[in-house]
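S.K.: Please find run.tsv (TSV, C-alpha atoms) on the next line:
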```tsv
chain	number	residue	atom	x	y	z
A	1	MET	CA	24.82	-2.85	16.30
A	2	ILE	CA	21.22	-1.77	16.40
A	3	ARG	CA	19.82	1.40	14.88
A	4	SER	CA	16.44	2.60	15.98
A	5	VAL	CA	14.40	5.59	14.83
A	6	ASP	CA	11.32	6.87	16.67
A	7	LEU	CA	8.67	8.76	14.73
A	8	ARG	CA	5.70	10.42	16.37
A	9	ILE	CA	2.88	11.10	13.97
A	10	HIS	CA	-0.78	12.02	14.25
A	11	ASN	CA	-3.89	10.20	13.14
A	12	ASP	CA	-3.81	11.97	9.80
A	13	MET	CA	-3.28	10.08	6.51
A	14	SER	CA	-1.08	12.87	5.19
A	15	GLU	CA	1.51	12.09	7.88
A	16	ILE	CA	2.02	8.53	6.68
A	17	GLY	CA	4.59	9.91	4.25
A	18	VAL	CA	6.82	10.70	7.23
A	19	VAL	CA	7.23	7.04	8.20
A	20	ARG	CA	7.46	5.95	4.58
A	21	ASP	CA	10.33	8.38	3.92
A	22	ALA	CA	12.09	7.41	7.16
A	23	LEU	CA	11.97	3.74	6.19
A	24	ASP	CA	13.30	4.62	2.73
A	25	ASP	CA	16.19	6.54	4.26
A	26	LEU	CA	17.10	3.70	6.63
A	27	ALA	CA	16.89	1.19	3.79
A	28	ARG	CA	19.31	3.29	1.76
A	29	GLN	CA	21.73	3.70	4.65
A	30	HIS	CA	21.70	0.02	5.53
A	31	ALA	CA	21.51	-1.47	2.03
A	32	ILE	CA	18.20	-3.24	2.61
A	33	PRO	CA	17.31	-5.11	-0.57
A	34	ARG	CA	14.58	-3.60	-2.74
A	35	ARG	CA	12.13	-6.49	-2.43
A	36	ALA	CA	12.33	-6.55	1.36
A	37	LEU	CA	11.93	-2.77	1.47
A	38	THR	CA	8.84	-2.94	-0.72
A	39	GLN	CA	7.29	-5.59	1.51
A	40	LEU	CA	8.12	-3.60	4.65
A	41	GLN	CA	6.65	-0.43	3.16
A	42	VAL	CA	3.38	-2.11	2.27
A	43	ALA	CA	3.10	-3.84	5.66
A	44	LEU	CA	3.88	-0.59	7.49
A	45	ASP	CA	1.30	1.33	5.46
A	46	GLU	CA	-1.35	-1.27	6.24
A	47	ILE	CA	-0.83	-1.19	9.99
A	48	VAL	CA	-0.30	2.57	10.31
A	49	SER	CA	-3.30	3.42	8.11
A	50	ASN	CA	-5.39	1.04	10.18
A	51	VAL	CA	-4.42	2.91	13.34
A	52	VAL	CA	-5.17	6.25	11.70
A	53	LYS	CA	-8.59	5.09	10.51
A	54	TYR	CA	-9.86	3.06	13.43
A	55	SER	CA	-7.97	3.63	16.67
A	56	TRP	CA	-9.82	6.73	17.77
A	57	GLU	CA	-13.42	7.48	17.07
A	58	ASP	CA	-13.72	10.80	18.87
A	59	GLY	CA	-12.65	12.84	15.83
A	60	GLY	CA	-9.79	14.30	17.88
A	61	ARG	CA	-6.13	14.62	17.07
A	62	HIS	CA	-4.01	11.86	18.57
A	63	GLU	CA	-0.33	11.08	18.46
A	64	PHE	CA	1.19	7.64	18.17
A	65	LEU	CA	4.64	6.16	17.86
A	66	VAL	CA	6.25	4.27	15.02
A	67	ARG	CA	9.66	2.82	15.82
A	68	ILE	CA	11.79	1.40	13.05
A	69	THR	CA	14.68	-0.77	14.20
A	70	VAL	CA	17.39	-2.03	11.91
A	71	ARG	CA	19.34	-4.86	13.46
A	72	SER	CA	21.63	-7.58	12.34
A	73	GLY	CA	19.56	-9.91	10.15
A	74	GLY	CA	16.41	-7.87	9.81
A	75	VAL	CA	14.08	-4.98	10.49
A	76	ASP	CA	11.42	-4.50	13.18
A	77	LEU	CA	8.52	-2.09	12.85
A	78	GLU	CA	6.73	-1.23	16.10
A	79	ILE	CA	3.50	0.70	16.16
A	80	ILE	CA	2.35	1.88	19.59
A	81	ASP	CA	-0.95	3.69	20.02
A	82	ASP	CA	-3.33	4.40	22.89
A	83	GLY	CA	-6.47	3.93	20.82
A	84	ARG	CA	-9.04	1.20	21.15
A	85	GLN	CA	-7.77	-2.33	21.53
A	86	PHE	CA	-7.00	-3.99	18.22
A	87	ASP	CA	-5.12	-7.24	17.80
A	88	PRO	CA	-4.24	-7.76	14.12
A	89	LEU	CA	-3.67	-11.44	14.80
A	90	THR	CA	-7.39	-11.92	15.40
A	91	ILE	CA	-8.30	-10.84	11.87
A	92	ALA	CA	-9.19	-13.80	9.70
A	93	ALA	CA	-7.84	-13.99	6.17
A	94	PRO	CA	-10.42	-12.76	3.67
A	95	ALA	CA	-12.38	-15.46	1.91
A	96	THR	CA	-10.87	-16.58	-1.36
A	97	VAL	CA	-12.11	-14.43	-4.18
A	98	ALA	CA	-13.88	-16.30	-6.94
A	99	ALA	CA	-13.33	-15.16	-10.52
A	100	GLY	CA	-15.86	-12.58	-11.54
A	101	ARG	CA	-16.83	-11.78	-7.97
A	102	ARG	CA	-15.32	-8.73	-6.47
A	103	PRO	CA	-14.44	-8.71	-2.80
A	104	ARG	CA	-14.94	-5.70	-0.60
A	105	PRO	CA	-11.58	-5.81	1.08
A	106	GLY	CA	-11.78	-4.97	4.72
A	107	GLY	CA	-9.34	-7.36	6.32
A	108	LEU	CA	-7.26	-7.44	3.17
A	109	GLY	CA	-4.69	-4.93	4.41
A	110	ILE	CA	-4.02	-6.73	7.67
A	111	HIS	CA	-3.93	-10.04	5.84
A	112	MET	CA	-1.31	-8.67	3.43
A	113	ALA	CA	0.76	-7.13	6.23
A	114	ARG	CA	0.90	-10.50	7.98
A	115	LYS	CA	1.96	-12.28	4.81
A	116	LEU	CA	4.63	-9.71	3.93
A	117	VAL	CA	6.67	-10.05	7.12
A	118	ASP	CA	7.99	-13.04	9.00
A	119	GLN	CA	6.44	-12.37	12.37
A	120	VAL	CA	3.70	-10.23	13.84
A	121	THR	CA	3.35	-9.86	17.59
A	122	TYR	CA	0.75	-7.95	19.54
A	123	VAL	CA	0.44	-6.98	23.19
A	124	ARG	CA	-1.82	-4.56	25.00
A	125	VAL	CA	0.14	-2.84	27.77
A	126	ASP	CA	-1.06	0.05	29.96
A	127	GLY	CA	-3.89	0.87	27.60
A	128	ARG	CA	-1.67	0.81	24.53
A	129	ASN	CA	-1.58	-1.43	21.47
A	130	HIS	CA	1.95	-2.61	20.70
A	131	THR	CA	2.06	-4.19	17.27
A	132	THR	CA	5.46	-5.39	16.04
A	133	LEU	CA	6.24	-6.57	12.53
A	134	SER	CA	9.56	-8.34	12.07
A	135	LYS	CA	11.18	-9.19	8.81
A	136	ALA	CA	14.37	-11.09	8.24
A	137	CYS	CA	16.42	-9.58	5.45
A	138	GLU	CA	19.90	-8.66	4.44
A	139	VAL	CA	21.00	-5.59	6.39
A	140	ASP	CA	24.30	-3.75	6.44
A	141	VAL	CA	24.60	-2.70	10.07
A	142	ALA	CA	28.30	-1.92	9.88
A	143	THR	CA	27.71	1.59	8.57
A	144	GLN	CA	25.84	4.74	9.55
A	145	GLY	CA	25.11	3.60	13.07
A	146	SER	CA	23.99	6.09	15.67
A	147	GLY	CA	23.99	3.37	18.27
A	148	LYS	CA	21.40	2.85	20.93
B	1	MET	CA	9.80	10.06	-7.15
B	2	LYS	CA	8.90	12.31	-4.26
B	3	ASN	CA	6.11	14.62	-5.28
B	4	GLY	CA	5.38	16.94	-2.41
B	5	GLY	CA	4.90	13.92	-0.17
B	6	LEU	CA	2.48	12.37	-2.64
B	7	SER	CA	5.10	10.11	-4.18
B	8	ILE	CA	2.94	9.30	-7.16
B	9	ASP	CA	2.69	10.66	-10.68
B	10	ILE	CA	-0.48	10.36	-12.70
B	11	ASP	CA	-0.21	10.92	-16.45
B	12	ARG	CA	-2.76	10.62	-19.20
B	13	THR	CA	-2.31	9.73	-22.85
B	14	ARG	CA	-4.73	8.64	-25.54
B	15	ALA	CA	-4.70	5.82	-28.08
B	16	GLY	CA	-7.77	6.05	-30.27
B	17	ASN	CA	-10.79	5.92	-28.01
B	18	VAL	CA	-8.81	4.56	-25.08
B	19	CYS	CA	-7.66	6.89	-22.34
B	20	ILE	CA	-4.47	5.52	-20.79
B	21	VAL	CA	-3.72	6.49	-17.21
B	22	THR	CA	-0.10	5.84	-16.31
B	23	LEU	CA	0.63	5.64	-12.61
B	24	ALA	CA	4.22	5.90	-11.42
B	25	GLY	CA	5.61	5.61	-7.92
B	26	ARG	CA	3.83	4.23	-4.89
B	27	ILE	CA	0.12	4.03	-4.34
B	28	ASP	CA	-0.61	3.89	-0.64
B	29	SER	CA	-3.10	5.12	1.92
B	30	SER	CA	-1.79	8.68	1.65
B	31	ASN	CA	-2.49	9.09	-2.07
B	32	ALA	CA	-4.94	6.38	-3.20
B	33	LYS	CA	-7.75	8.92	-3.02
B	34	ASP	CA	-5.96	11.04	-5.64
B	35	VAL	CA	-6.00	8.08	-8.01
B	36	LEU	CA	-9.71	7.55	-7.41
B	37	ALA	CA	-10.39	11.25	-7.94
B	38	GLU	CA	-8.62	11.18	-11.30
B	39	LEU	CA	-10.36	7.99	-12.47
B	40	THR	CA	-13.74	9.36	-11.40
B	41	ARG	CA	-13.04	12.64	-13.16
B	42	LEU	CA	-12.23	10.78	-16.38
B	43	MET	CA	-15.41	8.73	-16.14
B	44	ASP	CA	-17.39	11.90	-15.49
B	45	SER	CA	-15.82	13.53	-18.55
B	46	GLY	CA	-17.33	10.87	-20.80
B	47	GLU	CA	-14.43	8.48	-21.39
B	48	THR	CA	-15.64	5.10	-22.66
B	49	SER	CA	-12.45	3.05	-22.24
B	50	LEU	CA	-9.94	3.47	-19.45
B	51	LEU	CA	-6.66	1.62	-19.25
B	52	VAL	CA	-4.55	1.93	-16.10
B	53	ASP	CA	-0.89	1.19	-16.77
B	54	LEU	CA	0.88	0.04	-13.60
B	55	GLY	CA	4.24	-0.66	-15.27
B	56	ASN	CA	6.01	2.11	-13.35
B	57	VAL	CA	4.41	1.48	-9.98
B	58	LEU	CA	6.88	0.45	-7.27
B	59	TYR	CA	4.22	-0.98	-4.99
B	60	LEU	CA	0.62	-0.58	-3.98
B	61	THR	CA	-1.21	-1.24	-0.76
B	62	SER	CA	-4.73	-2.39	0.05
B	63	ALA	CA	-5.84	1.26	-0.14
B	64	ALA	CA	-4.93	1.16	-3.82
B	65	PHE	CA	-6.71	-2.15	-4.36
B	66	ARG	CA	-9.81	-0.68	-2.78
B	67	VAL	CA	-9.68	2.27	-5.18
B	68	LEU	CA	-9.25	0.00	-8.19
B	69	LEU	CA	-12.20	-2.11	-7.04
B	70	VAL	CA	-14.38	0.96	-6.58
B	71	ALA	CA	-13.36	2.21	-10.03
B	72	THR	CA	-14.08	-1.21	-11.56
B	73	ASP	CA	-17.57	-1.23	-10.08
B	74	GLU	CA	-18.22	2.33	-11.10
B	75	ALA	CA	-17.03	1.67	-14.66
B	76	GLU	CA	-19.29	-1.37	-14.89
B	77	ARG	CA	-22.24	0.67	-13.66
B	78	ARG	CA	-21.60	3.26	-16.36
B	79	ALA	CA	-20.78	0.69	-19.08
B	80	ILE	CA	-17.22	2.01	-19.35
B	81	ARG	CA	-14.47	-0.43	-20.25
B	82	PHE	CA	-11.86	-0.52	-17.50
B	83	ALA	CA	-8.67	-2.54	-17.52
B	84	LEU	CA	-5.21	-2.72	-15.98
B	85	CYS	CA	-1.94	-3.53	-17.70
B	86	SER	CA	1.78	-4.08	-17.24
B	87	LEU	CA	1.78	-5.59	-13.75
B	88	ALA	CA	5.31	-6.69	-13.09
B	89	GLY	CA	7.56	-7.91	-10.31
B	90	HIS	CA	6.56	-6.74	-6.86
B	91	VAL	CA	3.28	-5.30	-8.09
B	92	LEU	CA	2.14	-8.59	-9.57
B	93	GLU	CA	3.19	-10.38	-6.38
B	94	LEU	CA	1.00	-8.04	-4.34
B	95	PHE	CA	-2.01	-8.70	-6.59
B	96	GLU	CA	-1.40	-12.42	-6.17
B	97	MET	CA	-1.05	-12.09	-2.43
B	98	GLY	CA	-4.33	-10.23	-2.23
B	99	GLY	CA	-6.04	-12.88	-4.35
B	100	LEU	CA	-6.91	-10.15	-6.84
B	101	VAL	CA	-5.46	-11.36	-10.12
B	102	ASP	CA	-8.79	-12.76	-11.34
B	103	VAL	CA	-10.84	-9.87	-10.06
B	104	PHE	CA	-9.69	-7.27	-12.58
B	105	ALA	CA	-9.37	-7.23	-16.35
B	106	ILE	CA	-5.57	-7.47	-16.52
B	107	HIS	CA	-3.51	-7.36	-19.69
B	108	HIS	CA	0.12	-8.31	-19.98
B	109	SER	CA	1.18	-5.21	-21.87
B	110	ARG	CA	-0.23	-1.92	-23.04
B	111	GLU	CA	-0.21	-3.24	-26.62
B	112	ASP	CA	-2.22	-6.34	-25.64
B	113	ALA	CA	-4.69	-4.18	-23.77
B	114	LEU	CA	-5.18	-1.76	-26.65
B	115	LYS	CA	-5.92	-4.64	-29.03
B	116	GLN	CA	-8.72	-5.69	-26.69
B	117	LEU	CA	-10.07	-2.26	-25.85
B	118	SER	CA	-9.80	-0.42	-29.16
```
Could I get this structure in the form of structure tokens?
M.R.:
Amino acid sequence: MIRSVDLRIHNDMSEIGVVRDALDDLARQHAIPRRALTQLQVALDEIVSNVVKYSWEDGGRHEFLVRITVRSGGVDLEIIDDGRQFDPLTIAAPATVAAGRRPRPGGLGIHMARKLVDQVTYVRVDGRNHTTLSKACEVDVATQGSGK
Amino acid sequence: MKNGGLSIDIDRTRAGNVCIVTLAGRIDSSNAKDVLAELTRLMDSGETSLLVDLGNVLYLTSAAFRVLLVATDEAERRAIRFALCSLAGHVLELFEMGGLVDVFAIHHSREDALKQLS
């Protein structure tokens, strides 16, 4: 059984709460362990906030899709936007921070997102970025299914 | 822990000359700016020692790290003492993952921090 939820939000930081709450609700319904949920929440925030900040530079209002899929053995987070091309896999890990020297984290968020999940895939299709984060974790898919 | 979509609580208490800011909930890209606004306000109001207690934080994202780095720099510029305490579990893991454990003044507990800052 697979359960998938589609959320359409705008490039507005205040709407990030919508995807955060949806992931919380799914985690509750499918008994996703706390640690995995925390890691998924951070990774999702990093990718979604990146889209909000950088995908469109025209100052306009744009909609994009976040799809959360709970399946046997894990969770997939897909972020699909028609903004400028951005492949998170091309971002290098930030240089190691020496004691007493403060970094100016730029790539830090993407770096953390990649470390927090098991797999990140990226494709550009029909002018859209499709970024998928997959995490293996304990999931109870026997309950609350709406099917798909 | 939902707070009108903000999902964070910011409380202040005082121990001697140290102003303790207790953050509870999640600090992410939707609310990190509120944390920075509060820390900046406290620095503007003449505080000389700020301690941020993260013991009740569920998780924080790079937006939160950025805010804490900005606050650290700003405190240094103004000769204000600025420290963090009570990083536990997932929160500590995230600091480690970001390579940020050595970047901040971090104390194990509030008591340890107050001994240093008071």
S.K.: Measuring between only C-alpha atoms, which one of B:Ala15, B:Leu39, B:Val52, B:Ile8 shows the shortest distance to chain A?
M.R.: B:Ile8
S.K.: Identify which of the residues A:Gly59, A:Ile110, A:Arg71, A:Ser4 lies closest to chain B, counting all atoms listed in the file when measuring atom-to-atom distances.
M.R.: A:Ile110
S.K.: If you count only C-alpha atoms, which residues fall within 10 Å of range 16-25 of chain A, apart from same-chain ones fewer than 4 positions away, as a VMD selection string?
M.R.: (chain A and resid 5 to 12 29 to 32 34 37 to 38 40 to 42 44 to 45 48 to 49 52 66 to 70 75 77) or (chain B and resid 2 4 to 7 28 to 31)
S.K.: Could you dump the residues just selected with C-alpha atoms as a short mmCIF file (atom, residue, chain, number, x, y, z; two decimals), keeping the file's coordinate frame?
M.R.:
```
data_model
loop_
_atom_site.label_atom_id
_atom_site.label_comp_id
_atom_site.auth_asym_id
_atom_site.auth_seq_id
_atom_site.Cartn_x
_atom_site.Cartn_y
_atom_site.Cartn_z
CA VAL A 5 14.40 5.59 14.83
CA ASP A 6 11.32 6.87 16.67
CA LEU A 7 8.67 8.76 14.73
CA ARG A 8 5.70 10.42 16.37
CA ILE A 9 2.88 11.10 13.97
CA HIS A 10 -0.78 12.02 14.25
CA ASN A 11 -3.89 10.20 13.14
CA ASP A 12 -3.81 11.97 9.80
CA GLN A 29 21.73 3.70 4.65
CA HIS A 30 21.70 0.02 5.53
CA ALA A 31 21.51 -1.47 2.03
CA ILE A 32 18.20 -3.24 2.61
CA ARG A 34 14.58 -3.60 -2.74
CA LEU A 37 11.93 -2.77 1.47
CA THR A 38 8.84 -2.94 -0.72
CA LEU A 40 8.12 -3.60 4.65
CA GLN A 41 6.65 -0.43 3.16
CA VAL A 42 3.38 -2.11 2.27
CA LEU A 44 3.88 -0.59 7.49
CA ASP A 45 1.30 1.33 5.46
CA VAL A 48 -0.30 2.57 10.31
CA SER A 49 -3.30 3.42 8.11
CA VAL A 52 -5.17 6.25 11.70
CA VAL A 66 6.25 4.27 15.02
CA ARG A 67 9.66 2.82 15.82
CA ILE A 68 11.79 1.40 13.05
CA THR A 69 14.68 -0.77 14.20
CA VAL A 70 17.39 -2.03 11.91
CA VAL A 75 14.08 -4.98 10.49
CA LEU A 77 8.52 -2.09 12.85
CA LYS B 2 8.90 12.31 -4.26
CA GLY B 4 5.38 16.94 -2.41
CA GLY B 5 4.90 13.92 -0.17
CA LEU B 6 2.48 12.37 -2.64
CA SER B 7 5.10 10.11 -4.18
CA ASP B 28 -0.61 3.89 -0.64
CA SER B 29 -3.10 5.12 1.92
CA SER B 30 -1.79 8.68 1.65
CA ASN B 31 -2.49 9.09 -2.07
#
```
S.K.: Once you count all atoms listed in the file, which residues end up no further than 12 Å from (-4.9, 12.7, -22.5) in the file's frame, shown as a PyMOL selection string?
M.R.: chain B and resi 10-22+38+42+45+47+50-51
S.K.: What does the distance between CA of Arg128 in chain A and CA of Asp81 in chain A come to in Å, to one decimal place?
M.R.: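 Distance between the two atoms: 5.4 Å.
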S.K.: At a cut-off of 10 Å, list the chain B residues touching chain A, using only C-alpha atoms, as a PyMOL selection string.
M.R.: chain B and resi 2+4-7+26-31+58-63+65-66+69-70+72-73+89-91+94+97-105
S.K.: Atoms to include: C-alpha atoms. Write the selected residues as a JSON list (two decimals), in the coordinates of the input.
M.R.:
```json
[["chain", "number", "residue", "atom", "x", "y", "z"],
["B", 2, "LYS", "CA", 8.90, 12.31, -4.26],
["B", 4, "GLY", "CA", 5.38, 16.94, -2.41],
["B", 5, "GLY", "CA", 4.90, 13.92, -0.17],
["B", 6, "LEU", "CA", 2.48, 12.37, -2.64],
["B", 7, "SER", "CA", 5.10, 10.11, -4.18],
["B", 26, "ARG", "CA", 3.83, 4.23, -4.89],
["B", 27, "ILE", "CA", 0.12, 4.03, -4.34],
["B", 28, "ASP", "CA", -0.61, 3.89, -0.64],
["B", 29, "SER", "CA", -3.10, 5.12, 1.92],
["B", 30, "SER", "CA", -1.79, 8.68, 1.65],
["B", 31, "ASN", "CA", -2.49, 9.09, -2.07],
["B", 58, "LEU", "CA", 6.88, 0.45, -7.27],
["B", 59, "TYR", "CA", 4.22, -0.98, -4.99],
["B", 60, "LEU", "CA", 0.62, -0.58, -3.98],
["B", 61, "THR", "CA", -1.21, -1.24, -0.76],
["B", 62, "SER", "CA", -4.73, -2.39, 0.05],
["B", 63, "ALA", "CA", -5.84, 1.26, -0.14],
["B", 65, "PHE", "CA", -6.71, -2.15, -4.36],
["B", 66, "ARG", "CA", -9.81, -0.68, -2.78],
["B", 69, "LEU", "CA", -12.20, -2.11, -7.04],
["B", 70, "VAL", "CA", -14.38, 0.96, -6.58],
["B", 72, "THR", "CA", -14.08, -1.21, -11.56],
["B", 73, "ASP", "CA", -17.57, -1.23, -10.08],
["B", 89, "GLY", "CA", 7.56, -7.91, -10.31],
["B", 90, "HIS", "CA", 6.56, -6.74, -6.86],
["B", 91, "VAL", "CA", 3.28, -5.30, -8.09],
["B", 94, "LEU", "CA", 1.00, -8.04, -4.34],
["B", 97, "MET", "CA", -1.05, -12.09, -2.43],
["B", 98, "GLY", "CA", -4.33, -10.23, -2.23],
["B", 99, "GLY", "CA", -6.04, -12.88, -4.35],
["B", 100, "LEU", "CA", -6.91, -10.15, -6.84],
["B", 101, "VAL", "CA", -5.46, -11.36, -10.12],
["B", 102, "ASP", "CA", -8.79, -12.76, -11.34],
["B", 103, "VAL", "CA", -10.84, -9.87, -10.06],
["B", 104, "PHE", "CA", -9.69, -7.27, -12.58],
["B", 105, "ALA", "CA", -9.37, -7.23, -16.35]]
```
S.K.: What is the distance between CA of Val139 in chain A and CA of Ser72 in chain A, in Å to one decimal?
M.R.: 6.3 Å
S.K.: For CA of Lys115 in chain B and CA of Leu84 in chain B, determine how far apart the two atoms are, in Å to one decimal place.
M.R.: 13.2 Å
S.K.: Near Ile79 in chain A, counting only C-alpha atoms, which residues have an atom at most 8 Å away, once you skip same-chain residues fewer than 5 positions from it, shown as an NGL selection string?
M.R.: :A and (47-48 or 64-67 or 129-132)
S.K.: Would you pick out the contacts of Thr121 in chain A at 10 Å or less, using only C-alpha atoms, so that residues sharing its chain but fewer than 5 positions from it are not included, and give the list as a list of chain:residue names?
M.R.: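 That gives A:Glu78, A:Asp87, A:Pro88, A:Leu89, A:Arg114, A:His130, A:Thr131, A:Thr132, A:Leu133, A:Ser134.
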